[in-house]
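A.B. asks: Here you go, query_8.cif (mmCIF, C-alpha atoms; chains and numbers go by the auth columns):
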data_coords
#
loop_
_atom_site.group_PDB
_atom_site.id
_atom_site.type_symbol
_atom_site.label_atom_id
_atom_site.label_comp_id
_atom_site.label_asym_id
_atom_site.label_seq_id
_atom_site.Cartn_x
_atom_site.Cartn_y
_atom_site.Cartn_z
_atom_site.B_iso_or_equiv
_atom_site.auth_seq_id
_atom_site.auth_asym_id
ATOM 1 C CA MET A 1 -122.534 -7.200 40.046 0.00 25 A
ATOM 2 C CA ASN A 2 -121.113 -8.958 43.074 0.00 26 A
ATOM 3 C CA SER A 3 -120.179 -6.091 45.358 0.00 27 A
ATOM 4 C CA ASP A 4 -117.561 -7.884 47.437 0.00 28 A
ATOM 5 C CA SER A 5 -114.049 -8.209 46.070 0.00 29 A
ATOM 6 C CA THR A 6 -113.770 -11.979 46.434 0.00 30 A
ATOM 7 C CA PRO A 7 -113.110 -13.886 43.209 0.00 31 A
ATOM 8 C CA HIS A 8 -115.921 -16.226 42.291 0.00 32 A
ATOM 9 C CA GLN A 9 -115.994 -19.130 39.934 0.00 33 A
ATOM 10 C CA SER A 10 -118.241 -18.530 36.989 0.00 34 A
ATOM 11 C CA GLY A 11 -117.240 -21.100 34.408 0.00 35 A
ATOM 12 C CA ALA A 12 -117.263 -24.888 34.473 0.00 36 A
ATOM 13 C CA ARG A 13 -113.972 -25.229 36.352 0.00 37 A
ATOM 14 C CA SER A 14 -113.674 -24.531 40.073 0.00 38 A
ATOM 15 C CA THR A 15 -109.876 -24.440 40.394 0.00 39 A
ATOM 16 C CA PRO A 16 -107.231 -25.542 37.936 0.00 40 A
ATOM 17 C CA ALA A 17 -105.945 -29.090 38.469 0.00 41 A
ATOM 18 C CA THR A 18 -102.456 -27.933 37.500 0.00 42 A
ATOM 19 C CA ARG A 19 -100.831 -24.526 37.275 0.00 43 A
ATOM 20 C CA PRO A 20 -102.040 -22.744 34.133 0.00 44 A
ATOM 21 C CA ARG A 21 -99.505 -22.264 31.338 0.00 45 A
ATOM 22 C CA ARG A 22 -101.197 -19.048 30.257 0.00 46 A
ATOM 23 C CA ILE A 23 -103.589 -16.562 31.838 0.00 47 A
ATOM 24 C CA VAL A 24 -106.010 -14.681 29.600 0.00 48 A
ATOM 25 C CA LEU A 25 -107.644 -11.505 30.915 0.00 49 A
ATOM 26 C CA THR A 26 -111.031 -10.387 29.650 0.00 50 A
ATOM 27 C CA GLY A 27 -113.393 -7.634 30.720 0.00 51 A
ATOM 28 C CA PHE A 28 -115.012 -4.406 29.655 0.00 52 A
ATOM 29 C CA MET A 29 -112.911 -1.330 28.905 0.00 53 A
ATOM 30 C CA GLY A 30 -111.502 0.190 32.053 0.00 54 A
ATOM 31 C CA SER A 31 -111.440 -3.132 33.903 0.00 55 A
ATOM 32 C CA GLY A 32 -107.653 -2.988 34.238 0.00 56 A
ATOM 33 C CA LYS A 33 -106.482 -5.687 31.824 0.00 57 A
ATOM 34 C CA SER A 34 -103.609 -3.583 30.484 0.00 58 A
ATOM 35 C CA THR A 35 -102.697 -2.350 33.961 0.00 59 A
ATOM 36 C CA VAL A 36 -102.659 -5.622 35.889 0.00 60 A
ATOM 37 C CA GLY A 37 -101.581 -7.899 33.028 0.00 61 A
ATOM 38 C CA PRO A 38 -97.939 -6.744 33.073 0.00 62 A
ATOM 39 C CA LEU A 39 -97.929 -6.967 36.883 0.00 63 A
ATOM 40 C CA VAL A 40 -99.179 -10.572 36.826 0.00 64 A
ATOM 41 C CA ALA A 41 -96.630 -11.433 34.136 0.00 65 A
ATOM 42 C CA ALA A 42 -93.800 -9.870 36.162 0.00 66 A
ATOM 43 C CA ARG A 43 -94.762 -11.802 39.291 0.00 67 A
ATOM 44 C CA LEU A 44 -94.802 -15.059 37.311 0.00 68 A
ATOM 45 C CA GLY A 45 -91.713 -14.290 35.216 0.00 69 A
ATOM 46 C CA TRP A 46 -93.875 -14.571 32.084 0.00 70 A
ATOM 47 C CA ALA A 47 -94.399 -12.363 29.039 0.00 71 A
ATOM 48 C CA PHE A 48 -97.325 -9.957 28.742 0.00 72 A
ATOM 49 C CA VAL A 49 -99.080 -9.382 25.421 0.00 73 A
ATOM 50 C CA ASP A 50 -102.016 -7.097 24.651 0.00 74 A
ATOM 51 C CA VAL A 51 -103.919 -8.509 21.656 0.00 75 A
ATOM 52 C CA ASP A 52 -104.903 -5.028 20.435 0.00 76 A
ATOM 53 C CA ASP A 53 -101.238 -3.947 20.395 0.00 77 A
ATOM 54 C CA VAL A 54 -100.286 -7.009 18.328 0.00 78 A
ATOM 55 C CA ILE A 55 -103.097 -6.400 15.834 0.00 79 A
ATOM 56 C CA GLU A 56 -102.144 -2.727 15.446 0.00 80 A
ATOM 57 C CA ALA A 57 -98.455 -3.573 14.977 0.00 81 A
ATOM 58 C CA GLU A 58 -99.163 -6.287 12.411 0.00 82 A
ATOM 59 C CA ALA A 59 -101.710 -4.192 10.499 0.00 83 A
ATOM 60 C CA GLY A 60 -99.705 -0.990 10.711 0.00 84 A
ATOM 61 C CA ALA A 61 -102.849 0.905 11.689 0.00 85 A
ATOM 62 C CA PRO A 62 -104.850 1.763 14.821 0.00 86 A
ATOM 63 C CA ILE A 63 -107.846 -0.423 15.628 0.00 87 A
ATOM 64 C CA ALA A 64 -110.290 2.453 15.046 0.00 88 A
ATOM 65 C CA GLU A 65 -108.895 2.779 11.512 0.00 89 A
ATOM 66 C CA LEU A 66 -109.172 -0.977 10.913 0.00 90 A
ATOM 67 C CA PHE A 67 -112.833 -0.842 11.965 0.00 91 A
ATOM 68 C CA ALA A 68 -113.496 2.156 9.710 0.00 92 A
ATOM 69 C CA ARG A 69 -111.635 0.739 6.716 0.00 93 A
ATOM 70 C CA HIS A 70 -112.683 -2.925 6.847 0.00 94 A
ATOM 71 C CA GLY A 71 -115.637 -3.195 9.253 0.00 95 A
ATOM 72 C CA GLU A 72 -116.141 -5.044 12.503 0.00 96 A
ATOM 73 C CA ARG A 73 -116.468 -8.531 11.001 0.00 97 A
ATOM 74 C CA HIS A 74 -113.063 -8.294 9.313 0.00 98 A
ATOM 75 C CA PHE A 75 -111.528 -6.977 12.528 0.00 99 A
ATOM 76 C CA ARG A 76 -113.086 -9.797 14.618 0.00 100 A
ATOM 77 C CA ASP A 77 -111.752 -12.389 12.135 0.00 101 A
ATOM 78 C CA ARG A 78 -108.254 -10.949 12.475 0.00 102 A
ATOM 79 C CA GLU A 79 -108.663 -10.714 16.258 0.00 103 A
ATOM 80 C CA HIS A 80 -109.714 -14.374 16.538 0.00 104 A
ATOM 81 C CA GLN A 81 -106.764 -15.536 14.421 0.00 105 A
ATOM 82 C CA THR A 82 -104.374 -13.480 16.539 0.00 106 A
ATOM 83 C CA ILE A 83 -105.819 -14.827 19.801 0.00 107 A
ATOM 84 C CA ALA A 84 -105.682 -18.429 18.530 0.00 108 A
ATOM 85 C CA ARG A 85 -102.013 -17.995 17.603 0.00 109 A
ATOM 86 C CA LEU A 86 -101.035 -16.279 20.858 0.00 110 A
ATOM 87 C CA ALA A 87 -103.075 -18.622 23.078 0.00 111 A
ATOM 88 C CA ALA A 88 -100.867 -21.501 21.967 0.00 112 A
ATOM 89 C CA ALA A 89 -97.864 -19.949 23.760 0.00 113 A
ATOM 90 C CA GLU A 90 -96.822 -20.866 27.279 0.00 114 A
ATOM 91 C CA GLY A 91 -95.703 -18.561 30.070 0.00 115 A
ATOM 92 C CA LEU A 92 -97.946 -15.787 28.801 0.00 116 A
ATOM 93 C CA VAL A 93 -100.430 -13.319 30.232 0.00 117 A
ATOM 94 C CA LEU A 94 -102.701 -12.208 27.409 0.00 118 A
ATOM 95 C CA ALA A 95 -105.051 -9.193 27.563 0.00 119 A
ATOM 96 C CA LEU A 96 -108.018 -9.348 25.201 0.00 120 A
ATOM 97 C CA GLY A 97 -109.831 -6.431 23.667 0.00 121 A
ATOM 98 C CA GLY A 98 -113.189 -5.822 25.329 0.00 122 A
ATOM 99 C CA GLY A 99 -115.231 -7.204 22.420 0.00 123 A
ATOM 100 C CA ALA A 100 -113.201 -10.371 21.749 0.00 124 A
ATOM 101 C CA ILE A 101 -115.433 -12.373 24.073 0.00 125 A
ATOM 102 C CA GLU A 102 -118.486 -11.774 21.851 0.00 126 A
ATOM 103 C CA ARG A 103 -117.298 -14.298 19.270 0.00 127 A
ATOM 104 C CA ALA A 104 -118.443 -17.801 20.252 0.00 128 A
ATOM 105 C CA GLU A 105 -115.449 -19.569 18.703 0.00 129 A
ATOM 106 C CA THR A 106 -113.040 -17.294 20.591 0.00 130 A
ATOM 107 C CA ARG A 107 -114.823 -18.017 23.886 0.00 131 A
ATOM 108 C CA ALA A 108 -114.816 -21.756 23.163 0.00 132 A
ATOM 109 C CA LEU A 109 -111.114 -21.723 22.304 0.00 133 A
ATOM 110 C CA LEU A 110 -110.201 -19.955 25.545 0.00 134 A
ATOM 111 C CA LEU A 111 -112.524 -21.971 27.773 0.00 135 A
ATOM 112 C CA THR A 112 -111.438 -25.375 26.467 0.00 136 A
ATOM 113 C CA SER A 113 -107.742 -24.873 25.700 0.00 137 A
ATOM 114 C CA PRO A 114 -105.710 -27.006 28.138 0.00 138 A
ATOM 115 C CA GLY A 115 -103.494 -24.887 30.358 0.00 139 A
ATOM 116 C CA THR A 116 -105.516 -21.698 29.842 0.00 140 A
ATOM 117 C CA LEU A 117 -107.095 -19.812 32.737 0.00 141 A
ATOM 118 C CA LEU A 118 -109.619 -17.253 31.458 0.00 142 A
ATOM 119 C CA VAL A 119 -110.075 -14.495 34.048 0.00 143 A
ATOM 120 C CA HIS A 120 -112.852 -11.897 33.882 0.00 144 A
ATOM 121 C CA LEU A 121 -112.027 -8.579 35.543 0.00 145 A
ATOM 122 C CA GLU A 122 -115.512 -7.354 36.386 0.00 146 A
ATOM 123 C CA VAL A 123 -116.303 -3.654 36.650 0.00 147 A
ATOM 124 C CA ASP A 124 -119.518 -1.705 36.984 0.00 148 A
ATOM 125 C CA LEU A 125 -120.331 0.536 34.040 0.00 149 A
ATOM 126 C CA SER A 126 -119.947 3.580 36.307 0.00 150 A
ATOM 127 C CA THR A 127 -116.352 2.498 37.020 0.00 151 A
ATOM 128 C CA THR A 128 -115.673 2.203 33.292 0.00 152 A
ATOM 129 C CA LEU A 129 -116.958 5.731 32.720 0.00 153 A
ATOM 130 C CA ALA A 130 -114.842 7.139 35.547 0.00 154 A
ATOM 131 C CA ARG A 131 -111.665 5.300 34.563 0.00 155 A
ATOM 132 C CA CYS A 132 -111.996 6.075 30.839 0.00 156 A
ATOM 133 C CA ALA A 133 -112.984 9.744 31.147 0.00 157 A
ATOM 134 C CA GLY A 134 -110.860 11.846 28.827 0.00 158 A
ATOM 135 C CA THR A 135 -110.058 8.986 26.419 0.00 159 A
ATOM 136 C CA GLU A 136 -112.950 9.587 24.030 0.00 160 A
ATOM 137 C CA HIS A 137 -110.466 10.487 21.266 0.00 161 A
ATOM 138 C CA ILE A 138 -109.143 6.900 21.295 0.00 162 A
ATOM 139 C CA ARG A 139 -112.400 5.282 22.459 0.00 163 A
ATOM 140 C CA PRO A 140 -115.161 6.913 20.401 0.00 164 A
ATOM 141 C CA VAL A 141 -117.759 4.503 21.830 0.00 165 A
ATOM 142 C CA LEU A 142 -117.598 6.486 25.093 0.00 166 A
ATOM 143 C CA ALA A 143 -119.382 9.405 23.423 0.00 167 A
ATOM 144 C CA ASP A 144 -122.574 7.356 22.996 0.00 168 A
ATOM 145 C CA GLN A 145 -123.433 6.248 26.531 0.00 169 A
ATOM 146 C CA ALA A 146 -126.668 4.497 25.509 0.00 170 A
ATOM 147 C CA ASN A 147 -124.728 2.319 23.050 0.00 171 A
ATOM 148 C CA LEU A 148 -122.008 1.787 25.643 0.00 172 A
ATOM 149 C CA ALA A 149 -124.582 0.594 28.195 0.00 173 A
ATOM 150 C CA ARG A 150 -126.096 -1.743 25.584 0.00 174 A
ATOM 151 C CA ARG A 151 -122.669 -3.240 24.806 0.00 175 A
ATOM 152 C CA TYR A 152 -121.939 -3.641 28.505 0.00 176 A
ATOM 153 C CA GLY A 153 -125.250 -5.455 29.034 0.00 177 A
ATOM 154 C CA LEU A 154 -124.616 -7.736 26.063 0.00 178 A
ATOM 155 C CA ARG A 155 -121.066 -8.612 27.065 0.00 179 A
ATOM 156 C CA LEU A 156 -121.418 -9.048 30.834 0.00 180 A
ATOM 157 C CA PRO A 157 -123.010 -12.538 30.693 0.00 181 A
ATOM 158 C CA LEU A 158 -120.371 -13.569 28.141 0.00 182 A
ATOM 159 C CA TYR A 159 -117.534 -12.328 30.356 0.00 183 A
ATOM 160 C CA ARG A 160 -119.026 -14.260 33.243 0.00 184 A
ATOM 161 C CA THR A 161 -118.528 -17.538 31.349 0.00 185 A
ATOM 162 C CA ALA A 162 -114.812 -17.198 32.177 0.00 186 A
ATOM 163 C CA HIS A 163 -113.239 -19.708 34.532 0.00 187 A
ATOM 164 C CA VAL A 164 -113.220 -17.042 37.234 0.00 188 A
ATOM 165 C CA SER A 165 -114.623 -13.519 37.671 0.00 189 A
ATOM 166 C CA ILE A 166 -112.974 -11.020 39.966 0.00 190 A
ATOM 167 C CA PRO A 167 -114.922 -7.898 40.972 0.00 191 A
ATOM 168 C CA VAL A 168 -112.275 -5.172 40.683 0.00 192 A
ATOM 169 C CA ASP A 169 -114.117 -1.880 41.256 0.00 193 A
ATOM 170 C CA ALA A 170 -112.775 -1.364 44.780 0.00 194 A
ATOM 171 C CA LEU A 171 -109.404 -3.088 44.369 0.00 195 A
ATOM 172 C CA MET A 172 -105.966 -1.600 43.846 0.00 196 A
ATOM 173 C CA PRO A 173 -103.944 -3.170 40.989 0.00 197 A
ATOM 174 C CA GLU A 174 -101.762 -5.251 43.334 0.00 198 A
ATOM 175 C CA GLU A 175 -104.904 -6.636 45.004 0.00 199 A
ATOM 176 C CA VAL A 176 -106.229 -7.679 41.589 0.00 200 A
ATOM 177 C CA VAL A 177 -102.887 -9.347 40.851 0.00 201 A
ATOM 178 C CA ASP A 178 -103.101 -11.263 44.148 0.00 202 A
ATOM 179 C CA ALA A 179 -106.658 -12.390 43.329 0.00 203 A
ATOM 180 C CA ILE A 180 -105.612 -13.583 39.863 0.00 204 A
ATOM 181 C CA LEU A 181 -102.643 -15.495 41.263 0.00 205 A
ATOM 182 C CA ASP A 182 -104.868 -17.043 43.954 0.00 206 A
ATOM 183 C CA ALA A 183 -107.282 -18.183 41.232 0.00 207 A
ATOM 184 C CA ALA A 184 -104.374 -19.707 39.280 0.00 208 A
ATOM 185 C CA ARG A 185 -103.178 -21.873 42.166 0.00 209 A
ATOM 186 C CA PRO A 186 -103.829 -25.561 41.554 0.00 210 A
ATOM 187 C CA GLY A 187 -106.544 -26.904 43.816 0.00 211 A
#
As structure tokens - that is how I would like this structure written.
C.D. replies:
Amino acid sequence: MNSDSTPHQSGARSTPATRPRRIVLTGFMGSGKSTVGPLVAARLGWAFVDVDDVIEAEAGAPIAELFARHGERHFRDREHQTIARLAAAEGLVLALGGGAIERAETRALLLTSPGTLLVHLEVDLSTTLARCAGTEHIRPVLADQANLARRYGLRLPLYRTAHVSIPVDALMPEEVVDAILDAARPG
């Protein structure tokens, strides 16, 4: 991981040609998507939506239950459909679930959708463990650290395909917001 806190371009685009109409946050659990997303939205006067919250509300069940009842493939299908619908909106900051980036068609949609800035909030695995300690009851994957490390290793290169990656381990939420807004400025 890049140890400095300077955003770096990781996708095909260096800076947006025009101001994005939506900002999509991706990253591993504990990266701060749900913390900084509402702050970015407030600064822009936009809405904030967490994809997992929408899925739970529409399904009437927690995500862990959806996984248990229907399996991961069914959940990822529903997740992709929800992201595709929400990513068509303007004036929106959208936080993805940590695994959404694994699906190639979801990545392609977010990377090629005009007006979308896909931002990766990059954390070290040790930061994830520290920030998520005590949430094992809602994040059962934390109990199996070998599996967690495997997932992190699988997802990190996918996250880094985002238009921009921001190392957030040492940043306060407002500093992350500033970095996201700097990345969203037309160049």
A.B. asks: Need the shell around range 142-157 of chain A: protein/DNA/RNA residues with any atom at most 6 Å away, counting only C-alpha atoms. Skip same-chain ones fewer than 6 positions apart. Format as a ChimeraX atom specification?
C.D. replies: /A:48-51,54-55,183,186-193
A.B. asks: Under the PyMOL selection byres ((chain A and resi 106) around 12), which residues of this model are included? Write them out as a PDB file with C-alpha atoms, in the frame of the given file.
C.D. replies:
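Once everything was written out, this is out-v7.pdb:
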ATOM      1  CA  VAL A  73     -99.080  -9.382  25.421  1.00  0.00           C
ATOM      2  CA  ASP A  74    -102.016  -7.097  24.651  1.00  0.00           C
ATOM      3  CA  VAL A  75    -103.919  -8.509  21.656  1.00  0.00           C
ATOM      4  CA  ASP A  76    -104.903  -5.028  20.435  1.00  0.00           C
ATOM      5  CA  ASP A  77    -101.238  -3.947  20.395  1.00  0.00           C
ATOM      6  CA  VAL A  78    -100.286  -7.009  18.328  1.00  0.00           C
ATOM      7  CA  ILE A  79    -103.097  -6.400  15.834  1.00  0.00           C
ATOM      8  CA  GLU A  80    -102.144  -2.727  15.446  1.00  0.00           C
ATOM      9  CA  ALA A  81     -98.455  -3.573  14.977  1.00  0.00           C
ATOM     10  CA  GLU A  82     -99.163  -6.287  12.411  1.00  0.00           C
ATOM     11  CA  ALA A  83    -101.710  -4.192  10.499  1.00  0.00           C
ATOM     12  CA  PHE A  99    -111.528  -6.977  12.528  1.00  0.00           C
ATOM     13  CA  ARG A 100    -113.086  -9.797  14.618  1.00  0.00           C
ATOM     14  CA  ASP A 101    -111.752 -12.389  12.135  1.00  0.00           C
ATOM     15  CA  ARG A 102    -108.254 -10.949  12.475  1.00  0.00           C
ATOM     16  CA  GLU A 103    -108.663 -10.714  16.258  1.00  0.00           C
ATOM     17  CA  HIS A 104    -109.714 -14.374  16.538  1.00  0.00           C
ATOM     18  CA  GLN A 105    -106.764 -15.536  14.421  1.00  0.00           C
ATOM     19  CA  ILE A 107    -105.819 -14.827  19.801  1.00  0.00           C
ATOM     20  CA  ALA A 108    -105.682 -18.429  18.530  1.00  0.00           C
ATOM     21  CA  ARG A 109    -102.013 -17.995  17.603  1.00  0.00           C
ATOM     22  CA  LEU A 110    -101.035 -16.279  20.858  1.00  0.00           C
ATOM     23  CA  ALA A 111    -103.075 -18.622  23.078  1.00  0.00           C
ATOM     24  CA  ALA A 112    -100.867 -21.501  21.967  1.00  0.00           C
ATOM     25  CA  ALA A 113     -97.864 -19.949  23.760  1.00  0.00           C
ATOM     26  CA  LEU A 118    -102.701 -12.208  27.409  1.00  0.00           C
ATOM     27  CA  ALA A 119    -105.051  -9.193  27.563  1.00  0.00           C
ATOM     28  CA  LEU A 120    -108.018  -9.348  25.201  1.00  0.00           C
ATOM     29  CA  GLY A 121    -109.831  -6.431  23.667  1.00  0.00           C
ATOM     30  CA  ALA A 124    -113.201 -10.371  21.749  1.00  0.00           C
ATOM     31  CA  THR A 130    -113.040 -17.294  20.591  1.00  0.00           C
TER      32      THR A 130
END
A.B. asks: I need the residue set behind the PyMOL selection byres ((chain A and resi 204) around 9) for this file; please write it as a PDB file with C-alpha atoms, keeping the file's coordinate frame.
C.D. replies:
ATOM      1  CA  PRO A  31    -113.110 -13.886  43.209  1.00  0.00           C
ATOM      2  CA  ILE A  47    -103.589 -16.562  31.838  1.00  0.00           C
ATOM      3  CA  VAL A  64     -99.179 -10.572  36.826  1.00  0.00           C
ATOM      4  CA  VAL A 143    -110.075 -14.495  34.048  1.00  0.00           C
ATOM      5  CA  VAL A 188    -113.220 -17.042  37.234  1.00  0.00           C
ATOM      6  CA  ILE A 190    -112.974 -11.020  39.966  1.00  0.00           C
ATOM      7  CA  GLU A 199    -104.904  -6.636  45.004  1.00  0.00           C
ATOM      8  CA  VAL A 200    -106.229  -7.679  41.589  1.00  0.00           C
ATOM      9  CA  VAL A 201    -102.887  -9.347  40.851  1.00  0.00           C
ATOM     10  CA  ASP A 202    -103.101 -11.263  44.148  1.00  0.00           C
ATOM     11  CA  ALA A 203    -106.658 -12.390  43.329  1.00  0.00           C
ATOM     12  CA  LEU A 205    -102.643 -15.495  41.263  1.00  0.00           C
ATOM     13  CA  ASP A 206    -104.868 -17.043  43.954  1.00  0.00           C
ATOM     14  CA  ALA A 207    -107.282 -18.183  41.232  1.00  0.00           C
ATOM     15  CA  ALA A 208    -104.374 -19.707  39.280  1.00  0.00           C
ATOM     16  CA  ARG A 209    -103.178 -21.873  42.166  1.00  0.00           C
TER      17      ARG A 209
END
A.B. asks: Between CA of Gly211 in chain A and CA of Arg43 in chain A, what is the distance in Å, rounded to a tenth?
C.D. replies: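 Distance reported for this atom pair: 9.0 Å.
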A.B. asks: In the coordinates of the file, take the point (-116.4, -15.1, 24.2) and a cut-off of 10 Å; then, counting all atoms listed in the file, name each qualifying protein, DNA or RNA residue as a list in words.
C.D. replies: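 The answer, in the requested form, is Thr50, Gly122, Gly123, Ala124, Ile125, Glu126, Arg127, Ala128, Glu129, Thr130, Arg131, Ala132, Leu133, Leu134, Leu135, Arg179, Pro181, Leu182, Tyr183, Arg184, Thr185 and Ala186 of chain A.
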A.B. asks: Just to confirm, what's the straight-line distance from CA of Leu195 in chain A to CA of Ala65 in chain A in Å (one decimal)?
C.D. replies: 18.4 Å
A.B. asks: What does the distance between CA of Gly69 in chain A and CA of Gly115 in chain A come to in Å, to one decimal place?
C.D. replies: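 Taking CA of Gly69 in chain A as the start and CA of Gly115 in chain A as the end point, the length is 7.8 Å.
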A.B. asks: Once the PyMOL selection byres ((chain A and resi 45) around 7) has been applied to the shown file, what residues remain in the selection, as number ranges by chain?
C.D. replies: A: 43-44, 46, 114-115, 139-140
A.B. asks: Taking C-alpha atoms for each residue, export the selection above as an mmCIF file, in the coordinates of the input.
C.D. replies:
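Below is the file selection-v4.cif, written as the result:
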data_model
loop_
_atom_site.group_PDB
_atom_site.id
_atom_site.type_symbol
_atom_site.label_atom_id
_atom_site.label_comp_id
_atom_site.auth_asym_id
_atom_site.auth_seq_id
_atom_site.Cartn_x
_atom_site.Cartn_y
_atom_site.Cartn_z
ATOM 1 C CA ARG A 43 -100.831 -24.526 37.275
ATOM 2 C CA PRO A 44 -102.040 -22.744 34.133
ATOM 3 C CA ARG A 46 -101.197 -19.048 30.257
ATOM 4 C CA GLU A 114 -96.822 -20.866 27.279
ATOM 5 C CA GLY A 115 -95.703 -18.561 30.070
ATOM 6 C CA GLY A 139 -103.494 -24.887 30.358
ATOM 7 C CA THR A 140 -105.516 -21.698 29.842
#
A.B. asks: Would you compute, for all listed atoms of range 93-104 of chain A, the axis-aligned bounding box grown by 4 Å on each side, and then report its centre and edge lengths in Å rounded to one decimal, as JSON?
C.D. replies:
{"center_x": -112.4, "center_y": -6.8, "center_z": 11.6, "size_x": 16.2, "size_y": 23.1, "size_z": 17.8}
